[in-house]
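Student: Quick one, input-v3.pdb (PDB, C-alpha atoms, pLDDT in the B column):
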ATOM      1  CA  MET A 277       0.000   0.000   0.000  1.00 57.00           C
ATOM      2  CA  PRO A 278       1.431   3.460  -0.883  1.00 63.00           C
ATOM      3  CA  THR A 279       2.348   5.555   2.124  1.00 69.00           C
ATOM      4  CA  GLU A 280       0.201   8.649   2.542  1.00 72.00           C
ATOM      5  CA  PRO A 281       1.786  11.810   3.927  1.00 79.00           C
ATOM      6  CA  GLU A 282       0.883  12.246   7.574  1.00 87.00           C
ATOM      7  CA  LYS A 283      -1.751  14.885   8.275  1.00 89.00           C
ATOM      8  CA  GLU A 284      -1.600  16.684  11.607  1.00 94.00           C
ATOM      9  CA  ILE A 285      -4.107  18.967  13.288  1.00 95.00           C
ATOM     10  CA  ASN A 286      -3.404  20.730  16.570  1.00 97.00           C
ATOM     11  CA  LEU A 287      -6.027  22.078  18.909  1.00 97.00           C
ATOM     12  CA  THR A 288      -5.718  23.795  22.263  1.00 97.00           C
ATOM     13  CA  ILE A 289      -8.817  24.073  24.429  1.00 97.00           C
ATOM     14  CA  PRO A 290      -9.301  25.873  27.722  1.00 97.00           C
ATOM     15  CA  MET A 291     -10.574  23.831  30.659  1.00 97.00           C
ATOM     16  CA  ILE A 292     -14.041  25.327  30.793  1.00 95.00           C
ATOM     17  CA  PRO A 293     -17.373  23.494  30.806  1.00 92.00           C
ATOM     18  CA  ASP A 294     -18.462  21.941  27.518  1.00 93.00           C
ATOM     19  CA  MET A 295     -15.167  22.678  25.724  1.00 96.00           C
ATOM     20  CA  GLU A 296     -14.763  18.915  25.396  1.00 97.00           C
ATOM     21  CA  ILE A 297     -17.434  19.223  22.715  1.00 96.00           C
ATOM     22  CA  ALA A 298     -15.147  21.484  20.667  1.00 96.00           C
ATOM     23  CA  ALA A 299     -12.556  18.700  20.792  1.00 97.00           C
ATOM     24  CA  SER A 300     -15.091  16.048  19.830  1.00 97.00           C
ATOM     25  CA  ARG A 301     -16.319  18.121  16.871  1.00 96.00           C
ATOM     26  CA  THR A 302     -12.761  18.451  15.611  1.00 97.00           C
ATOM     27  CA  ALA A 303     -12.371  14.680  15.994  1.00 96.00           C
ATOM     28  CA  GLU A 304     -15.533  14.196  13.936  1.00 96.00           C
ATOM     29  CA  ALA A 305     -14.183  16.434  11.170  1.00 96.00           C
ATOM     30  CA  VAL A 306     -10.877  14.533  11.139  1.00 95.00           C
ATOM     31  CA  ALA A 307     -12.737  11.201  11.113  1.00 95.00           C
ATOM     32  CA  GLU A 308     -14.721  12.372   8.104  1.00 94.00           C
ATOM     33  CA  VAL A 309     -11.527  13.229   6.233  1.00 91.00           C
ATOM     34  CA  MET A 310     -10.186   9.716   6.847  1.00 91.00           C
ATOM     35  CA  GLU A 311     -13.579   8.162   6.071  1.00 92.00           C
ATOM     36  CA  LEU A 312     -14.077   6.458   9.419  1.00 95.00           C
ATOM     37  CA  ASP A 313     -17.536   4.936   9.670  1.00 96.00           C
ATOM     38  CA  GLU A 314     -20.222   6.485  11.880  1.00 96.00           C
ATOM     39  CA  ASP A 315     -19.820   4.040  14.784  1.00 97.00           C
ATOM     40  CA  LYS A 316     -16.050   4.418  14.961  1.00 97.00           C
ATOM     41  CA  THR A 317     -16.362   8.193  14.697  1.00 97.00           C
ATOM     42  CA  ALA A 318     -18.752   8.235  17.646  1.00 97.00           C
ATOM     43  CA  GLU A 319     -16.383   5.991  19.637  1.00 98.00           C
ATOM     44  CA  VAL A 320     -13.443   8.326  18.975  1.00 98.00           C
ATOM     45  CA  SER A 321     -15.587  11.276  19.954  1.00 97.00           C
ATOM     46  CA  MET A 322     -16.703   9.640  23.192  1.00 98.00           C
ATOM     47  CA  ALA A 323     -13.138   8.625  24.148  1.00 98.00           C
ATOM     48  CA  LEU A 324     -11.913  12.150  23.525  1.00 98.00           C
ATOM     49  CA  ILE A 325     -14.722  13.676  25.595  1.00 98.00           C
ATOM     50  CA  GLU A 326     -13.737  11.404  28.488  1.00 98.00           C
ATOM     51  CA  ALA A 327     -10.029  12.201  28.122  1.00 98.00           C
ATOM     52  CA  CYS A 328     -10.787  15.938  28.178  1.00 98.00           C
ATOM     53  CA  LEU A 329     -13.057  15.594  31.224  1.00 97.00           C
ATOM     54  CA  ASN A 330     -10.328  13.686  33.087  1.00 96.00           C
ATOM     55  CA  SER A 331      -7.901  16.530  32.412  1.00 96.00           C
ATOM     56  CA  PHE A 332     -10.450  19.208  33.310  1.00 97.00           C
ATOM     57  CA  GLU A 333     -11.319  17.546  36.601  1.00 94.00           C
ATOM     58  CA  HIS A 334      -8.153  15.911  37.819  1.00 93.00           C
ATOM     59  CA  SER A 335      -5.067  17.525  36.258  1.00 95.00           C
ATOM     60  CA  HIS A 336      -4.913  20.595  38.555  1.00 94.00           C
ATOM     61  CA  SER A 337      -2.949  22.286  35.791  1.00 95.00           C
ATOM     62  CA  GLU A 338      -2.165  25.944  36.349  1.00 95.00           C
ATOM     63  CA  ASP A 339      -2.565  26.982  32.725  1.00 97.00           C
ATOM     64  CA  ARG A 340      -5.977  25.277  32.544  1.00 96.00           C
ATOM     65  CA  LYS A 341      -5.382  24.128  28.980  1.00 97.00           C
ATOM     66  CA  VAL A 342      -5.537  20.823  27.123  1.00 98.00           C
ATOM     67  CA  PHE A 343      -3.343  20.352  24.047  1.00 98.00           C
ATOM     68  CA  ILE A 344      -4.635  17.899  21.484  1.00 98.00           C
ATOM     69  CA  THR A 345      -2.907  16.586  18.367  1.00 98.00           C
ATOM     70  CA  PHE A 346      -4.719  14.538  15.743  1.00 97.00           C
ATOM     71  CA  ARG A 347      -2.478  12.555  13.384  1.00 96.00           C
ATOM     72  CA  VAL A 348      -3.848  10.719  10.397  1.00 95.00           C
ATOM     73  CA  LYS A 349      -1.645   8.294   8.550  1.00 90.00           C
ATOM     74  CA  ASN A 350      -2.764   5.565   6.197  1.00 82.00           C
ATOM     75  CA  GLU A 351      -5.345   3.535   8.067  1.00 90.00           C
ATOM     76  CA  GLU A 352      -4.916   4.966  11.549  1.00 95.00           C
ATOM     77  CA  LEU A 353      -5.949   7.989  13.584  1.00 97.00           C
ATOM     78  CA  THR A 354      -3.739   8.865  16.538  1.00 97.00           C
ATOM     79  CA  ILE A 355      -4.923  11.353  19.135  1.00 98.00           C
ATOM     80  CA  ILE A 356      -2.433  12.727  21.630  1.00 98.00           C
ATOM     81  CA  LEU A 357      -3.845  14.697  24.520  1.00 98.00           C
ATOM     82  CA  ARG A 358      -1.553  16.540  26.931  1.00 98.00           C
ATOM     83  CA  ASP A 359      -1.964  18.675  29.993  1.00 97.00           C
ATOM     84  CA  ASN A 360       0.540  20.368  32.258  1.00 97.00           C
ATOM     85  CA  GLY A 361      -1.069  19.090  35.428  1.00 96.00           C
ATOM     86  CA  THR A 362       0.178  17.200  38.429  1.00 96.00           C
ATOM     87  CA  GLY A 363      -0.273  13.748  36.893  1.00 94.00           C
ATOM     88  CA  PHE A 364      -1.722  10.552  38.299  1.00 93.00           C
ATOM     89  CA  ASP A 365      -0.830   6.889  38.626  1.00 92.00           C
ATOM     90  CA  PRO A 366      -3.062   4.910  36.249  1.00 91.00           C
ATOM     91  CA  ASP A 367      -2.268   1.702  38.183  1.00 91.00           C
ATOM     92  CA  LYS A 368      -3.967   3.187  41.240  1.00 91.00           C
ATOM     93  CA  VAL A 369      -7.204   3.871  39.378  1.00 91.00           C
ATOM     94  CA  GLU A 370      -9.657   1.213  40.454  1.00 91.00           C
ATOM     95  CA  GLU A 371     -11.520  -0.594  37.679  1.00 95.00           C
ATOM     96  CA  PRO A 372     -15.182   0.399  38.015  1.00 97.00           C
ATOM     97  CA  ASN A 373     -17.770  -2.321  38.449  1.00 96.00           C
ATOM     98  CA  ILE A 374     -21.522  -1.785  38.148  1.00 98.00           C
ATOM     99  CA  VAL A 375     -22.347  -4.162  41.014  1.00 97.00           C
ATOM    100  CA  GLU A 376     -20.193  -2.082  43.367  1.00 97.00           C
ATOM    101  CA  LYS A 377     -21.367   1.214  41.911  1.00 97.00           C
ATOM    102  CA  LEU A 378     -24.995   0.331  42.607  1.00 97.00           C
ATOM    103  CA  LYS A 379     -24.359  -0.044  46.328  1.00 96.00           C
ATOM    104  CA  PRO A 380     -25.693   2.759  48.538  1.00 95.00           C
ATOM    105  CA  GLY A 381     -23.202   5.470  49.414  1.00 96.00           C
ATOM    106  CA  ILE A 382     -20.706   4.455  46.722  1.00 96.00           C
ATOM    107  CA  SER A 383     -19.623   7.112  44.207  1.00 96.00           C
ATOM    108  CA  LYS A 384     -21.079   6.443  40.786  1.00 96.00           C
ATOM    109  CA  ARG A 385     -18.162   8.160  39.061  1.00 96.00           C
ATOM    110  CA  GLY A 386     -14.811   6.819  37.787  1.00 95.00           C
ATOM    111  CA  TRP A 387     -15.696   5.352  34.373  1.00 97.00           C
ATOM    112  CA  GLY A 388     -13.596   7.599  32.125  1.00 96.00           C
ATOM    113  CA  LEU A 389     -10.519   5.397  31.648  1.00 96.00           C
ATOM    114  CA  LYS A 390     -12.564   2.253  31.103  1.00 97.00           C
ATOM    115  CA  LEU A 391     -14.663   3.963  28.436  1.00 98.00           C
ATOM    116  CA  MET A 392     -11.560   5.328  26.698  1.00 98.00           C
ATOM    117  CA  GLU A 393      -9.977   1.861  26.685  1.00 97.00           C
ATOM    118  CA  LYS A 394     -13.074   0.170  25.290  1.00 98.00           C
ATOM    119  CA  MET A 395     -13.822   2.800  22.654  1.00 98.00           C
ATOM    120  CA  MET A 396     -10.322   2.926  21.151  1.00 98.00           C
ATOM    121  CA  ASP A 397      -7.974   0.323  19.643  1.00 98.00           C
ATOM    122  CA  SER A 398      -5.126   1.352  21.916  1.00 98.00           C
ATOM    123  CA  LEU A 399      -4.615   3.656  24.879  1.00 98.00           C
ATOM    124  CA  VAL A 400      -1.278   4.605  26.430  1.00 98.00           C
ATOM    125  CA  ILE A 401      -1.018   6.855  29.468  1.00 97.00           C
ATOM    126  CA  ASP A 402       2.232   8.559  30.354  1.00 97.00           C
ATOM    127  CA  SER A 403       1.765  10.595  33.499  1.00 96.00           C
ATOM    128  CA  GLY A 404       4.107  12.301  35.921  1.00 95.00           C
ATOM    129  CA  PRO A 405       4.460  15.397  38.089  1.00 95.00           C
ATOM    130  CA  ASN A 406       4.846  17.596  35.002  1.00 94.00           C
ATOM    131  CA  GLY A 407       1.691  16.477  33.300  1.00 97.00           C
ATOM    132  CA  THR A 408      -0.150  13.710  31.539  1.00 97.00           C
ATOM    133  CA  LYS A 409       0.070  12.527  27.967  1.00 98.00           C
ATOM    134  CA  ILE A 410      -2.595  10.198  26.631  1.00 98.00           C
ATOM    135  CA  THR A 411      -2.081   8.543  23.257  1.00 98.00           C
ATOM    136  CA  MET A 412      -5.069   6.813  21.687  1.00 98.00           C
ATOM    137  CA  THR A 413      -5.381   5.165  18.304  1.00 98.00           C
ATOM    138  CA  LYS A 414      -8.233   4.045  16.111  1.00 97.00           C
ATOM    139  CA  LYS A 415      -7.860   2.009  12.952  1.00 96.00           C
ATOM    140  CA  ARG A 416     -10.102   2.669   9.950  1.00 92.00           C
TER     141      ARG A 416
ATOM    142  CA  MET B  70     -21.911  26.731  22.501  1.00 49.00           C
ATOM    143  CA  LEU B  71     -24.521  24.038  23.130  1.00 60.00           C
ATOM    144  CA  ASP B  72     -28.281  24.233  23.159  1.00 63.00           C
ATOM    145  CA  SER B  73     -29.461  23.998  26.731  1.00 85.00           C
ATOM    146  CA  PHE B  74     -30.535  20.588  27.946  1.00 94.00           C
ATOM    147  CA  LYS B  75     -34.225  19.883  28.357  1.00 96.00           C
ATOM    148  CA  VAL B  76     -36.220  17.001  29.798  1.00 98.00           C
ATOM    149  CA  ASP B  77     -39.963  16.622  29.257  1.00 98.00           C
ATOM    150  CA  THR B  78     -41.917  14.251  31.482  1.00 98.00           C
ATOM    151  CA  ARG B  79     -45.338  12.711  31.123  1.00 98.00           C
ATOM    152  CA  GLN B  80     -47.178   9.765  32.648  1.00 97.00           C
ATOM    153  CA  GLN B  81     -48.972   7.113  30.632  1.00 96.00           C
ATOM    154  CA  ASP B  82     -50.433   3.880  32.057  1.00 93.00           C
ATOM    155  CA  SER B  83     -48.484   4.380  35.300  1.00 95.00           C
ATOM    156  CA  ILE B  84     -45.217   4.640  33.360  1.00 98.00           C
ATOM    157  CA  TRP B  85     -43.234   7.864  33.626  1.00 98.00           C
ATOM    158  CA  ILE B  86     -41.771   8.767  30.251  1.00 98.00           C
ATOM    159  CA  PHE B  87     -38.802  11.129  30.254  1.00 98.00           C
ATOM    160  CA  SER B  88     -37.854  12.606  26.876  1.00 98.00           C
ATOM    161  CA  THR B  89     -34.426  14.196  26.887  1.00 98.00           C
ATOM    162  CA  TYR B  90     -33.043  16.804  24.496  1.00 98.00           C
ATOM    163  CA  GLY B  91     -29.346  17.694  24.362  1.00 97.00           C
ATOM    164  CA  TYR B  92     -26.027  16.656  25.851  1.00 96.00           C
ATOM    165  CA  ILE B  93     -26.375  14.457  28.945  1.00 97.00           C
ATOM    166  CA  ASN B  94     -23.478  15.910  30.924  1.00 96.00           C
ATOM    167  CA  ASN B  95     -23.434  16.935  34.597  1.00 95.00           C
ATOM    168  CA  LEU B  96     -26.196  19.508  34.055  1.00 96.00           C
ATOM    169  CA  GLY B  97     -28.269  17.144  31.934  1.00 97.00           C
ATOM    170  CA  GLY B  98     -27.817  14.361  34.469  1.00 97.00           C
ATOM    171  CA  GLU B  99     -28.813  16.669  37.324  1.00 97.00           C
ATOM    172  CA  ALA B 100     -31.957  17.767  35.476  1.00 97.00           C
ATOM    173  CA  ILE B 101     -32.987  14.146  34.872  1.00 98.00           C
ATOM    174  CA  ALA B 102     -32.243  13.187  38.492  1.00 98.00           C
ATOM    175  CA  LYS B 103     -34.222  16.148  39.879  1.00 98.00           C
ATOM    176  CA  ASN B 104     -37.284  15.194  37.826  1.00 98.00           C
ATOM    177  CA  PHE B 105     -36.861  11.537  38.690  1.00 98.00           C
ATOM    178  CA  ASN B 106     -36.576  12.214  42.440  1.00 98.00           C
ATOM    179  CA  GLU B 107     -39.875  14.131  42.392  1.00 98.00           C
ATOM    180  CA  LYS B 108     -41.757  11.369  40.575  1.00 98.00           C
ATOM    181  CA  HIS B 109     -40.132   8.598  42.601  1.00 98.00           C
ATOM    182  CA  ALA B 110     -40.901  10.322  45.914  1.00 98.00           C
ATOM    183  CA  ALA B 111     -44.526  10.604  44.778  1.00 97.00           C
ATOM    184  CA  GLY B 112     -44.689   6.839  44.231  1.00 97.00           C
ATOM    185  CA  GLY B 113     -43.585   6.450  40.601  1.00 97.00           C
ATOM    186  CA  ARG B 114     -41.878   3.091  40.045  1.00 97.00           C
ATOM    187  CA  LYS B 115     -41.789   2.536  36.288  1.00 97.00           C
ATOM    188  CA  PHE B 116     -39.613   4.823  34.238  1.00 98.00           C
ATOM    189  CA  LEU B 117     -38.879   4.943  30.529  1.00 98.00           C
ATOM    190  CA  PHE B 118     -36.160   7.291  29.310  1.00 98.00           C
ATOM    191  CA  ASP B 119     -36.569   8.201  25.650  1.00 98.00           C
ATOM    192  CA  LEU B 120     -33.150   9.434  24.533  1.00 98.00           C
ATOM    193  CA  ALA B 121     -34.079  10.232  20.911  1.00 98.00           C
ATOM    194  CA  GLY B 122     -33.135  13.868  21.430  1.00 98.00           C
ATOM    195  CA  SER B 123     -29.767  13.141  23.045  1.00 97.00           C
ATOM    196  CA  LYS B 124     -26.951  12.083  20.760  1.00 95.00           C
ATOM    197  CA  ILE B 125     -24.098  12.630  23.217  1.00 95.00           C
ATOM    198  CA  ILE B 126     -23.565  11.568  26.786  1.00 97.00           C
ATOM    199  CA  ASN B 127     -20.571  11.567  29.092  1.00 97.00           C
ATOM    200  CA  SER B 128     -19.634   9.471  32.091  1.00 97.00           C
ATOM    201  CA  ILE B 129     -20.697  12.196  34.525  1.00 97.00           C
ATOM    202  CA  GLY B 130     -24.156  12.207  32.974  1.00 97.00           C
ATOM    203  CA  VAL B 131     -24.294   8.415  33.156  1.00 98.00           C
ATOM    204  CA  SER B 132     -23.306   8.534  36.836  1.00 98.00           C
ATOM    205  CA  TYR B 133     -26.628  10.293  37.521  1.00 98.00           C
ATOM    206  CA  LEU B 134     -28.433   7.522  35.658  1.00 98.00           C
ATOM    207  CA  ILE B 135     -26.673   4.955  37.873  1.00 98.00           C
ATOM    208  CA  GLU B 136     -27.915   6.850  40.955  1.00 98.00           C
ATOM    209  CA  ILE B 137     -31.422   6.694  39.532  1.00 98.00           C
ATOM    210  CA  LEU B 138     -31.013   2.984  38.782  1.00 98.00           C
ATOM    211  CA  GLU B 139     -29.899   2.340  42.357  1.00 98.00           C
ATOM    212  CA  LYS B 140     -33.086   3.961  43.709  1.00 98.00           C
ATOM    213  CA  ILE B 141     -35.277   2.089  41.239  1.00 98.00           C
ATOM    214  CA  LEU B 142     -33.743  -1.268  42.160  1.00 97.00           C
ATOM    215  CA  GLU B 143     -34.150  -0.490  45.865  1.00 97.00           C
ATOM    216  CA  SER B 144     -37.841   0.239  45.372  1.00 97.00           C
ATOM    217  CA  LYS B 145     -38.307  -2.785  43.074  1.00 97.00           C
ATOM    218  CA  GLY B 146     -39.224  -0.553  40.170  1.00 97.00           C
ATOM    219  CA  GLU B 147     -38.272  -0.713  36.528  1.00 97.00           C
ATOM    220  CA  LEU B 148     -36.109   1.430  34.261  1.00 98.00           C
ATOM    221  CA  ALA B 149     -35.922   1.117  30.494  1.00 98.00           C
ATOM    222  CA  PHE B 150     -34.460   3.183  27.681  1.00 98.00           C
ATOM    223  CA  CYS B 151     -35.530   3.675  24.094  1.00 98.00           C
ATOM    224  CA  ASN B 152     -34.321   5.424  20.946  1.00 98.00           C
ATOM    225  CA  CYS B 153     -30.707   5.357  22.144  1.00 98.00           C
ATOM    226  CA  ALA B 154     -27.951   6.415  19.735  1.00 98.00           C
ATOM    227  CA  PRO B 155     -25.650   3.417  19.108  1.00 98.00           C
ATOM    228  CA  ILE B 156     -22.805   5.074  21.037  1.00 98.00           C
ATOM    229  CA  ILE B 157     -25.049   5.567  24.078  1.00 98.00           C
ATOM    230  CA  GLU B 158     -26.174   1.931  23.935  1.00 98.00           C
ATOM    231  CA  LYS B 159     -22.542   0.833  23.668  1.00 98.00           C
ATOM    232  CA  THR B 160     -21.637   3.030  26.649  1.00 98.00           C
ATOM    233  CA  PHE B 161     -24.400   1.456  28.744  1.00 98.00           C
ATOM    234  CA  LYS B 162     -23.195  -2.028  27.743  1.00 98.00           C
ATOM    235  CA  ILE B 163     -19.574  -1.271  28.660  1.00 98.00           C
ATOM    236  CA  MET B 164     -20.664   0.063  32.034  1.00 97.00           C
ATOM    237  CA  GLY B 165     -22.923  -2.912  32.720  1.00 97.00           C
ATOM    238  CA  ILE B 166     -26.122  -0.890  32.977  1.00 98.00           C
ATOM    239  CA  THR B 167     -27.814  -3.235  30.501  1.00 97.00           C
ATOM    240  CA  GLN B 168     -27.674  -6.015  33.102  1.00 97.00           C
ATOM    241  CA  TYR B 169     -30.346  -4.143  35.037  1.00 98.00           C
ATOM    242  CA  THR B 170     -32.324  -2.322  32.359  1.00 97.00           C
ATOM    243  CA  LYS B 171     -33.767  -3.016  28.938  1.00 97.00           C
ATOM    244  CA  ILE B 172     -33.076  -0.969  25.845  1.00 98.00           C
ATOM    245  CA  PHE B 173     -35.771  -0.798  23.165  1.00 98.00           C
ATOM    246  CA  GLY B 174     -35.571   0.485  19.618  1.00 98.00           C
ATOM    247  CA  THR B 175     -38.760   2.522  19.819  1.00 98.00           C
ATOM    248  CA  LEU B 176     -41.046   4.099  22.378  1.00 98.00           C
ATOM    249  CA  ASP B 177     -43.927   1.823  21.325  1.00 97.00           C
ATOM    250  CA  GLU B 178     -41.888  -1.349  21.829  1.00 98.00           C
ATOM    251  CA  ALA B 179     -40.827  -0.155  25.256  1.00 98.00           C
ATOM    252  CA  MET B 180     -44.352   0.818  26.285  1.00 97.00           C
ATOM    253  CA  ASN B 181     -45.788  -2.507  25.113  1.00 96.00           C
ATOM    254  CA  HIS B 182     -43.192  -4.405  27.141  1.00 95.00           C
ATOM    255  CA  MET B 183     -43.642  -2.298  30.273  1.00 95.00           C
ATOM    256  CA  ARG B 184     -47.448  -2.468  30.102  1.00 90.00           C
ATOM    257  CA  GLU B 185     -47.320  -6.261  29.773  1.00 82.00           C
ATOM    258  CA  LYS B 186     -45.262  -6.479  32.944  1.00 69.00           C
ATOM    259  CA  ALA B 187     -47.856  -4.459  34.899  1.00 60.00           C
TER     260      ALA B 187
END
Rewrite the structure from the file as structure tokens, please.
Tutor:
Amino acid sequence: MPTEPEKEINLTIPMIPDMEIAASRTAEAVAEVMELDEDKTAEVSMALIEACLNSFEHSHSEDRKVFITFRVKNEELTIILRDNGTGFDPDKVEEPNIVEKLKPGISKRGWGLKLMEKMMDSLVIDSGPNGTKITMTKKR
Amino acid sequence: MLDSFKVDTRQQDSIWIFSTYGYINNLGGEAIAKNFNEKHAAGGRKFLFDLAGSKIINSIGVSYLIEILEKILESKGELAFCNCAPIIEKTFKIMGITQYTKIFGTLDEAMNHMREKA
């Protein structure tokens, strides 16, 4: 298969309510360019919304910005999302379970990472005290 | 940037039908939960959420639906959904919500099923 030149789109969004939708709309436009089907486009959009919300809520970044890069090459879309927050340890994030979540007094939150994992083909989290970088891919 | 969220409620054959319009985020989830709590406190036990007007949801919005589901299960009620966008149905499946609720293609199918169980 001939190698296509890589296309790259960069987007910076402020951490304010509903700005995750700006990111998801950009993802939808990129998905259209690479002719992703409707279901996969919606999955990418959902994963990106969750990644943005995680940054908004948990990064504690001083600049209150999320930096997103979309890379399209051949059959694959790569989304890299970065923040300059305080980071987190993904191994310490408990896997959510509906049976537990339905118990009285238990927080119903904490589904973001699981949804991102299930919606995308791959998910890599690189997080430390200087920020978090999430790399997600989706094949056409 | 987004149209404001709206939820319309009506009762038919002892089933509360909630029709949602817009993004089910924290505000959307809160609006649904507020309406639900009123109906549930007044004795409502069967609830059908028609999501035809909501194409996007996030995990914060779904967390409100899990709170609602917890209360419905406690009171031995029933919760069903209809007209869900495929991504919303997939989200519910991933989270395990479909173990406790039914998802129907149309409002009529859902109503027929819920009436039969009366």
Student: So which one's closest to Phe332 (chain A), A:Ile356, A:Val369, A:Pro293, A:Asp315? Using only C-alpha atoms, please.
Tutor: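 Nearest candidate to Phe332 (chain A) out of A:Ile356, A:Val369, A:Pro293, A:Asp315: A:Pro293.
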Student: Would you kindly report the residues of chain A within 8 Å of chain B, using all atoms listed in the file, as a PyMOL selection string?
Tutor: chain A and resi 294+315+318-319+322+325-326+373-374+377-380+384-388+391+394
Student: Let me know the residues the PyMOL selection byres ((chain A and resi 364) around 10) catches in the file above, as a VMD selection string.
Tutor: chain A and resid 334 to 335 361 to 363 365 to 369 401 to 405 407 to 408
Student: How many Å lie between CA of Asn350 (chain A) and CA of Glu393 (chain A), rounded to one decimal?
Tutor: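 A separation of 22.0 Å between them.
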Student: What would the selection look like, as a VMD selection string, if the PyMOL selection byres ((chain A and resi 307) around 12) were run on the coordinates I just shared?
Tutor: chain A and resid 283 285 300 to 306 308 to 321 346 to 349 351 to 355 413 to 416
Student: Please enumerate the residues selected by the PyMOL selection byres ((chain B and resi 80) around 10) when evaluated against the supplied file, formatted as an MDAnalysis selection string.
Tutor: chainID B and resid 78:79 81:87 108 113 115:117
Student: In Å, with one decimal, what is the gap from CA of Thr170 (chain B) to CA of Gly146 (chain B)?
Tutor: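 Here the two named atoms are 10.6 Å from each other.
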Student: Quote the spacing between CA of Asn152 (chain B) and CA of Ala110 (chain B) in Å to one decimal place.
Tutor: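 Distance reported for this atom pair: 26.3 Å.
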Student: Mind checking which residues fall within 8 Å of Phe343 (chain A), counting all atoms listed in the file, ignoring those fewer than 6 positions away in the same chain, and posting them as a ChimeraX atom specification?
Tutor: /A:286-289,357-359
Student: Provide region 329-346 of chain A rebuilt to N, CA and C atoms, formatted as a compact mmCIF listing (two decimals), keeping the file's coordinate frame.
Tutor:
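Written file, part14.txt:
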# COMPACT_ATOMS: atom_id res chain seq x y z
N LEU A 329 -12.44 15.43 29.89
CA LEU A 329 -13.06 15.59 31.22
C LEU A 329 -12.08 15.19 32.33
N ASN A 330 -11.33 14.11 32.09
CA ASN A 330 -10.33 13.69 33.09
C ASN A 330 -9.32 14.80 33.35
N SER A 331 -8.85 15.43 32.26
CA SER A 331 -7.90 16.53 32.41
C SER A 331 -8.55 17.71 33.14
N PHE A 332 -9.75 18.06 32.70
CA PHE A 332 -10.45 19.21 33.31
C PHE A 332 -10.57 19.01 34.83
N GLU A 333 -10.95 17.79 35.20
CA GLU A 333 -11.32 17.55 36.60
C GLU A 333 -10.14 17.21 37.49
N HIS A 334 -9.16 16.49 36.94
CA HIS A 334 -8.15 15.91 37.82
C HIS A 334 -6.72 16.41 37.62
N SER A 335 -6.47 17.18 36.55
CA SER A 335 -5.07 17.52 36.26
C SER A 335 -4.50 18.57 37.22
N HIS A 336 -5.36 19.45 37.72
CA HIS A 336 -4.91 20.60 38.56
C HIS A 336 -3.86 21.43 37.82
N SER A 337 -3.97 21.53 36.53
CA SER A 337 -2.95 22.29 35.79
C SER A 337 -3.17 23.79 36.02
N GLU A 338 -2.05 24.50 36.08
CA GLU A 338 -2.16 25.94 36.35
C GLU A 338 -2.62 26.70 35.12
N ASP A 339 -2.18 26.22 33.93
CA ASP A 339 -2.56 26.98 32.72
C ASP A 339 -3.99 26.68 32.27
N ARG A 340 -4.60 25.66 32.85
CA ARG A 340 -5.98 25.28 32.54
C ARG A 340 -6.20 25.09 31.04
N LYS A 341 -5.26 24.39 30.42
CA LYS A 341 -5.38 24.13 28.98
C LYS A 341 -5.14 22.65 28.68
N VAL A 342 -5.79 22.18 27.63
CA VAL A 342 -5.54 20.82 27.12
C VAL A 342 -5.04 20.97 25.68
N PHE A 343 -3.96 20.27 25.37
CA PHE A 343 -3.34 20.35 24.05
C PHE A 343 -3.60 19.02 23.32
N ILE A 344 -4.24 19.13 22.19
CA ILE A 344 -4.64 17.90 21.48
C ILE A 344 -4.03 17.89 20.08
N THR A 345 -3.43 16.77 19.73
CA THR A 345 -2.91 16.59 18.37
C THR A 345 -3.63 15.40 17.73
N PHE A 346 -4.10 15.61 16.53
CA PHE A 346 -4.72 14.54 15.74
C PHE A 346 -3.75 14.22 14.61
